[in-house]
>>> print(open('work.cif').read())   # mmCIF, N, CA and C atoms
data_coords
#
loop_
_atom_site.label_atom_id
_atom_site.label_comp_id
_atom_site.auth_asym_id
_atom_site.auth_seq_id
_atom_site.Cartn_x
_atom_site.Cartn_y
_atom_site.Cartn_z
N MET A 1 160.62 -61.66 394.46
CA MET A 1 160.93 -61.31 393.10
C MET A 1 160.85 -62.51 392.18
N SER A 2 161.07 -63.60 392.78
CA SER A 2 160.98 -64.83 392.00
C SER A 2 159.56 -65.03 391.48
N GLU A 3 158.58 -64.57 392.28
CA GLU A 3 157.22 -64.66 391.81
C GLU A 3 156.97 -63.68 390.69
N ASP A 4 157.58 -62.55 390.74
CA ASP A 4 157.45 -61.59 389.66
C ASP A 4 158.04 -62.16 388.39
N LEU A 5 159.17 -62.80 388.52
CA LEU A 5 159.80 -63.43 387.35
C LEU A 5 158.92 -64.55 386.81
N LYS A 6 158.39 -65.31 387.72
CA LYS A 6 157.51 -66.41 387.32
C LYS A 6 156.29 -65.86 386.61
N SER A 7 155.75 -64.81 387.14
CA SER A 7 154.58 -64.18 386.54
C SER A 7 154.92 -63.64 385.15
N VAL A 8 156.06 -62.99 385.05
CA VAL A 8 156.50 -62.45 383.75
C VAL A 8 156.72 -63.60 382.79
N GLU A 9 157.36 -64.66 383.27
CA GLU A 9 157.63 -65.82 382.41
C GLU A 9 156.32 -66.44 381.92
N ASN A 10 155.35 -66.56 382.79
CA ASN A 10 154.04 -67.11 382.41
C ASN A 10 153.35 -66.21 381.38
N ARG A 11 153.41 -64.92 381.65
CA ARG A 11 152.79 -63.97 380.71
C ARG A 11 153.47 -64.04 379.36
N LEU A 12 154.79 -64.08 379.34
CA LEU A 12 155.54 -64.17 378.08
C LEU A 12 155.26 -65.49 377.37
N SER A 13 155.14 -66.56 378.13
CA SER A 13 154.82 -67.87 377.55
C SER A 13 153.44 -67.83 376.90
N GLU A 14 152.52 -67.20 377.60
CA GLU A 14 151.16 -67.08 377.05
C GLU A 14 151.17 -66.23 375.79
N GLU A 15 151.90 -65.12 375.83
CA GLU A 15 152.00 -64.26 374.64
C GLU A 15 152.65 -65.01 373.49
N LEU A 16 153.66 -65.82 373.81
CA LEU A 16 154.33 -66.62 372.79
C LEU A 16 153.35 -67.62 372.16
N ARG A 17 152.57 -68.29 373.03
CA ARG A 17 151.58 -69.23 372.51
C ARG A 17 150.54 -68.50 371.64
N GLU A 18 150.11 -67.36 372.10
CA GLU A 18 149.13 -66.57 371.33
C GLU A 18 149.73 -66.12 369.99
N THR A 19 150.97 -65.69 370.04
CA THR A 19 151.66 -65.28 368.81
C THR A 19 151.78 -66.47 367.85
N GLU A 20 152.08 -67.64 368.41
CA GLU A 20 152.21 -68.85 367.58
C GLU A 20 150.85 -69.22 366.98
N ARG A 21 149.77 -69.10 367.77
CA ARG A 21 148.41 -69.37 367.24
C ARG A 21 148.08 -68.39 366.12
N GLN A 22 148.41 -67.11 366.32
CA GLN A 22 148.15 -66.10 365.28
C GLN A 22 148.97 -66.38 364.02
N ARG A 23 150.24 -66.78 364.23
CA ARG A 23 151.08 -67.11 363.08
C ARG A 23 150.49 -68.29 362.30
N GLN A 24 150.03 -69.31 363.03
CA GLN A 24 149.42 -70.48 362.39
C GLN A 24 148.16 -70.07 361.65
N ARG A 25 147.34 -69.25 362.30
CA ARG A 25 146.10 -68.76 361.67
C ARG A 25 146.43 -67.94 360.42
N ASN A 26 147.42 -67.08 360.52
CA ASN A 26 147.83 -66.27 359.36
C ASN A 26 148.34 -67.15 358.22
N THR A 27 149.07 -68.20 358.57
CA THR A 27 149.56 -69.12 357.54
C THR A 27 148.39 -69.80 356.84
N GLU A 28 147.41 -70.24 357.62
CA GLU A 28 146.22 -70.86 357.04
C GLU A 28 145.46 -69.89 356.14
N LEU A 29 145.31 -68.66 356.64
CA LEU A 29 144.63 -67.64 355.83
C LEU A 29 145.39 -67.33 354.55
N LEU A 30 146.70 -67.28 354.65
CA LEU A 30 147.53 -67.04 353.47
C LEU A 30 147.36 -68.16 352.44
N GLU A 31 147.35 -69.40 352.92
CA GLU A 31 147.14 -70.53 352.00
C GLU A 31 145.77 -70.46 351.33
N LYS A 32 144.75 -70.12 352.13
CA LYS A 32 143.40 -69.97 351.56
C LYS A 32 143.37 -68.83 350.56
N MET A 33 144.07 -67.74 350.88
CA MET A 33 144.13 -66.59 349.97
C MET A 33 144.80 -66.98 348.65
N GLU A 34 145.86 -67.75 348.72
CA GLU A 34 146.54 -68.20 347.51
C GLU A 34 145.61 -69.06 346.66
N ILE A 35 144.86 -69.95 347.31
CA ILE A 35 143.89 -70.79 346.60
C ILE A 35 142.83 -69.91 345.93
N LEU A 36 142.32 -68.94 346.67
CA LEU A 36 141.32 -68.03 346.12
C LEU A 36 141.87 -67.22 344.94
N CYS A 37 143.12 -66.79 345.06
CA CYS A 37 143.75 -66.04 343.97
C CYS A 37 143.89 -66.92 342.72
N ASP A 38 144.29 -68.17 342.94
CA ASP A 38 144.39 -69.10 341.81
C ASP A 38 143.02 -69.32 341.16
N GLU A 39 142.01 -69.51 341.98
CA GLU A 39 140.65 -69.70 341.46
C GLU A 39 140.18 -68.45 340.72
N HIS A 40 140.49 -67.30 341.29
CA HIS A 40 140.10 -66.04 340.65
C HIS A 40 140.75 -65.92 339.26
N GLU A 41 142.02 -66.28 339.18
CA GLU A 41 142.74 -66.22 337.90
C GLU A 41 142.11 -67.18 336.89
N LYS A 42 141.78 -68.38 337.35
CA LYS A 42 141.12 -69.36 336.46
C LYS A 42 139.79 -68.82 335.97
N ILE A 43 139.05 -68.20 336.88
CA ILE A 43 137.75 -67.63 336.50
C ILE A 43 137.92 -66.51 335.48
N LYS A 44 138.92 -65.66 335.68
CA LYS A 44 139.19 -64.58 334.72
C LYS A 44 139.52 -65.14 333.34
N GLN A 45 140.36 -66.20 333.32
CA GLN A 45 140.74 -66.81 332.05
C GLN A 45 139.52 -67.45 331.38
N GLU A 46 138.72 -68.14 332.15
CA GLU A 46 137.51 -68.78 331.60
C GLU A 46 136.54 -67.72 331.08
N ARG A 47 136.42 -66.63 331.82
CA ARG A 47 135.54 -65.54 331.39
C ARG A 47 136.03 -64.95 330.07
N ALA A 48 137.33 -64.73 329.96
CA ALA A 48 137.89 -64.20 328.71
C ALA A 48 137.64 -65.18 327.57
N HIS A 49 137.81 -66.46 327.84
CA HIS A 49 137.57 -67.48 326.82
C HIS A 49 136.09 -67.48 326.40
N LEU A 50 135.20 -67.39 327.38
CA LEU A 50 133.77 -67.36 327.07
C LEU A 50 133.39 -66.11 326.29
N GLN A 51 133.99 -64.98 326.64
CA GLN A 51 133.71 -63.75 325.90
C GLN A 51 134.17 -63.87 324.45
N GLU A 52 135.30 -64.52 324.26
CA GLU A 52 135.81 -64.75 322.91
C GLU A 52 134.84 -65.65 322.13
N GLN A 53 134.35 -66.70 322.77
CA GLN A 53 133.40 -67.59 322.12
C GLN A 53 132.10 -66.85 321.79
N ILE A 54 131.65 -66.01 322.72
CA ILE A 54 130.43 -65.23 322.48
C ILE A 54 130.63 -64.31 321.29
N GLN A 55 131.79 -63.67 321.21
CA GLN A 55 132.08 -62.78 320.09
C GLN A 55 132.08 -63.55 318.77
N GLN A 56 132.69 -64.73 318.77
CA GLN A 56 132.71 -65.55 317.56
C GLN A 56 131.29 -65.95 317.17
N MET A 57 130.48 -66.32 318.16
CA MET A 57 129.09 -66.70 317.88
C MET A 57 128.31 -65.50 317.32
N ARG A 58 128.55 -64.32 317.89
CA ARG A 58 127.89 -63.12 317.37
C ARG A 58 128.26 -62.87 315.92
N GLU A 59 129.55 -63.01 315.62
CA GLU A 59 130.01 -62.80 314.25
C GLU A 59 129.38 -63.82 313.30
N GLU A 60 129.34 -65.08 313.75
CA GLU A 60 128.72 -66.13 312.92
C GLU A 60 127.23 -65.84 312.73
N LEU A 61 126.58 -65.40 313.80
CA LEU A 61 125.16 -65.08 313.71
C LEU A 61 124.92 -63.90 312.77
N GLN A 62 125.76 -62.87 312.87
CA GLN A 62 125.62 -61.73 311.97
C GLN A 62 125.84 -62.14 310.52
N LYS A 63 126.82 -63.01 310.30
CA LYS A 63 127.10 -63.49 308.95
C LYS A 63 125.90 -64.29 308.43
N ALA A 64 125.37 -65.18 309.26
CA ALA A 64 124.21 -65.98 308.87
C ALA A 64 123.01 -65.08 308.60
N HIS A 65 122.85 -64.05 309.43
CA HIS A 65 121.73 -63.11 309.25
C HIS A 65 121.88 -62.36 307.92
N ALA A 66 123.09 -61.93 307.63
CA ALA A 66 123.33 -61.22 306.36
C ALA A 66 123.06 -62.14 305.18
N GLU A 67 123.50 -63.40 305.28
CA GLU A 67 123.24 -64.37 304.20
C GLU A 67 121.74 -64.61 304.05
N LEU A 68 121.04 -64.70 305.18
CA LEU A 68 119.60 -64.90 305.14
C LEU A 68 118.90 -63.72 304.49
N GLU A 69 119.31 -62.50 304.87
CA GLU A 69 118.73 -61.31 304.26
C GLU A 69 118.99 -61.29 302.76
N SER A 70 120.21 -61.65 302.38
CA SER A 70 120.56 -61.68 300.96
C SER A 70 119.71 -62.70 300.22
N SER A 71 119.57 -63.91 300.81
CA SER A 71 118.76 -64.95 300.16
C SER A 71 117.31 -64.54 300.09
N THR A 72 116.83 -63.92 301.19
CA THR A 72 115.43 -63.49 301.21
C THR A 72 115.21 -62.44 300.13
N LYS A 73 116.16 -61.52 300.01
CA LYS A 73 116.06 -60.48 298.99
C LYS A 73 116.08 -61.11 297.60
N THR A 74 117.00 -62.06 297.40
CA THR A 74 117.08 -62.74 296.12
C THR A 74 115.80 -63.51 295.85
N LEU A 75 115.27 -64.18 296.87
CA LEU A 75 114.04 -64.94 296.71
C LEU A 75 112.88 -64.00 296.39
N ALA A 76 112.82 -62.87 297.08
CA ALA A 76 111.75 -61.90 296.82
C ALA A 76 111.86 -61.36 295.39
N GLU A 77 113.09 -61.09 294.96
CA GLU A 77 113.28 -60.61 293.59
C GLU A 77 112.87 -61.68 292.58
N GLU A 78 113.22 -62.92 292.89
CA GLU A 78 112.86 -64.02 291.99
C GLU A 78 111.34 -64.21 291.95
N GLN A 79 110.69 -64.12 293.11
CA GLN A 79 109.23 -64.23 293.14
C GLN A 79 108.59 -63.09 292.35
N ARG A 80 109.11 -61.90 292.52
CA ARG A 80 108.58 -60.74 291.78
C ARG A 80 108.77 -60.94 290.27
N ARG A 81 109.94 -61.42 289.88
CA ARG A 81 110.23 -61.68 288.48
C ARG A 81 109.27 -62.75 287.94
N ASN A 82 109.04 -63.79 288.73
CA ASN A 82 108.12 -64.86 288.31
C ASN A 82 106.70 -64.33 288.17
N GLN A 83 106.29 -63.45 289.09
CA GLN A 83 104.96 -62.86 288.98
C GLN A 83 104.83 -62.05 287.69
N LEU A 84 105.86 -61.26 287.39
CA LEU A 84 105.82 -60.46 286.17
C LEU A 84 105.80 -61.35 284.93
N LEU A 85 106.60 -62.40 284.96
CA LEU A 85 106.60 -63.33 283.83
C LEU A 85 105.25 -64.01 283.67
N THR A 86 104.65 -64.39 284.78
CA THR A 86 103.33 -65.03 284.73
C THR A 86 102.30 -64.06 284.16
N ARG A 87 102.34 -62.82 284.62
CA ARG A 87 101.40 -61.82 284.08
C ARG A 87 101.62 -61.61 282.59
N LEU A 88 102.89 -61.53 282.20
CA LEU A 88 103.21 -61.34 280.79
C LEU A 88 102.75 -62.54 279.97
N LYS A 89 102.99 -63.73 280.48
CA LYS A 89 102.56 -64.96 279.80
C LYS A 89 101.04 -64.98 279.68
N ASP A 90 100.34 -64.67 280.80
CA ASP A 90 98.87 -64.63 280.77
C ASP A 90 98.38 -63.60 279.76
N LYS A 91 99.04 -62.47 279.71
CA LYS A 91 98.63 -61.42 278.77
C LYS A 91 98.77 -61.90 277.33
N TYR A 92 99.90 -62.55 277.02
CA TYR A 92 100.10 -63.04 275.66
C TYR A 92 99.18 -64.20 275.34
N GLU A 93 98.89 -65.05 276.33
CA GLU A 93 97.95 -66.14 276.10
C GLU A 93 96.57 -65.58 275.83
N LEU A 94 96.18 -64.56 276.58
CA LEU A 94 94.90 -63.90 276.37
C LEU A 94 94.87 -63.25 274.99
N HIS A 95 95.98 -62.62 274.62
CA HIS A 95 96.08 -62.01 273.30
C HIS A 95 95.95 -63.07 272.20
N ASP A 96 96.63 -64.22 272.40
CA ASP A 96 96.56 -65.32 271.43
C ASP A 96 95.13 -65.85 271.33
N GLU A 97 94.44 -65.96 272.48
CA GLU A 97 93.06 -66.44 272.47
C GLU A 97 92.17 -65.45 271.73
N GLU A 98 92.39 -64.15 271.94
CA GLU A 98 91.61 -63.13 271.24
C GLU A 98 91.87 -63.21 269.74
N GLU A 99 93.12 -63.42 269.37
CA GLU A 99 93.47 -63.57 267.96
C GLU A 99 92.75 -64.76 267.35
N GLU A 100 92.77 -65.87 268.08
CA GLU A 100 92.09 -67.07 267.59
C GLU A 100 90.61 -66.82 267.44
N GLU A 101 90.00 -66.13 268.42
CA GLU A 101 88.57 -65.81 268.33
C GLU A 101 88.31 -64.90 267.13
N ASN A 102 89.19 -63.89 266.97
CA ASN A 102 89.02 -62.98 265.82
C ASN A 102 89.12 -63.74 264.51
N GLU A 103 90.08 -64.66 264.41
CA GLU A 103 90.24 -65.45 263.19
C GLU A 103 89.02 -66.33 262.98
N SER A 104 88.50 -66.89 264.07
CA SER A 104 87.32 -67.73 263.97
C SER A 104 86.13 -66.92 263.49
N VAL A 105 85.99 -65.70 264.06
CA VAL A 105 84.88 -64.82 263.66
C VAL A 105 85.05 -64.43 262.20
N ARG A 106 86.27 -64.12 261.76
CA ARG A 106 86.52 -63.77 260.35
C ARG A 106 86.19 -64.96 259.46
N GLY A 107 86.58 -66.13 259.95
CA GLY A 107 86.29 -67.34 259.17
C GLY A 107 84.79 -67.55 259.03
N GLU A 108 84.05 -67.30 260.10
CA GLU A 108 82.58 -67.43 260.06
C GLU A 108 82.00 -66.38 259.13
N GLU A 109 82.53 -65.18 259.19
CA GLU A 109 82.05 -64.12 258.30
C GLU A 109 82.29 -64.49 256.85
N GLU A 110 83.47 -65.05 256.58
CA GLU A 110 83.80 -65.46 255.21
C GLU A 110 82.83 -66.56 254.75
N LYS A 111 82.57 -67.53 255.62
CA LYS A 111 81.65 -68.61 255.27
C LYS A 111 80.27 -68.06 254.98
N THR A 112 79.85 -67.12 255.87
CA THR A 112 78.53 -66.53 255.71
C THR A 112 78.46 -65.77 254.39
N LYS A 113 79.50 -65.05 254.08
CA LYS A 113 79.54 -64.28 252.83
C LYS A 113 79.50 -65.23 251.65
N GLU A 114 80.24 -66.31 251.74
CA GLU A 114 80.28 -67.28 250.64
C GLU A 114 78.93 -67.95 250.48
N GLU A 115 78.29 -68.26 251.59
CA GLU A 115 76.98 -68.91 251.51
C GLU A 115 75.94 -68.01 250.91
N TYR A 116 76.01 -66.75 251.24
CA TYR A 116 75.00 -65.84 250.73
C TYR A 116 75.49 -65.08 249.50
N GLY A 117 76.73 -65.35 249.12
CA GLY A 117 77.29 -64.76 247.90
C GLY A 117 77.48 -63.28 247.99
N THR A 118 77.78 -62.79 249.15
CA THR A 118 78.03 -61.36 249.28
C THR A 118 79.50 -61.15 249.60
N ASN A 119 79.98 -59.98 249.27
CA ASN A 119 81.38 -59.65 249.55
C ASN A 119 81.50 -58.75 250.68
#
>>> encode(input="work.cif", output="structure tokens")
Amino acid sequence: MSEDLKSVENRLSEELRETERQRQRNTELLEKMEILCDEHEKIKQERAHLQEQIQQMREELQKAHAELESSTKTLAEEQRRNQLLTRLKDKYELHDEEEEENESVRGEEEKTKEEYGTN
């Protein structure tokens, strides 16, 4: 019976050692899990921060785009206005040139009439 006790004692000792190895392994795994959880939390916070930055950049980009569209529209309106003014100016200059030509022709007609004494 003493051998049976010895055998049981050896088996229990082995089970105890195995249990202790499993406990040690579980402790190591738990520590690694805690580290991973901490890293995961940091990643979540960084992701939230990056999403906030992306949103701010989008808003700034939309604002800049709206300002650009507004300036482009204003510039296009100004260019159109300048074109109209140029056409109007050219039209009046052409009209003034025609007037000058007409006056010159009238002046020549008057001279011709005076030279030949006709009215």
>>> atom_distance(input="work.cif", atom1="atom C of Arg47 (chain A)", atom2="atom N of Lys63 (chain A)")
21.9 Å
>>> atom_distance(input="work.cif", atom1="atom C of Leu30 (chain A)", atom2="atom N of Lys42 (chain A)")
16.1 Å
>>> axis_aligned_box(input="work.cif", around="region 3-13 of chain A", padding_each_side="6 Å", output="AutoDock Vina command-line options")
--center_x 156.3 --center_y -64.7 --center_z 384.6 --size_x 19.0 --size_y 18.3 --size_z 27.4
>>> atom_distance(input="work.cif", atom1="atom C of Gln62 (chain A)", atom2="atom C of Leu50 (chain A)")
17.9 Å
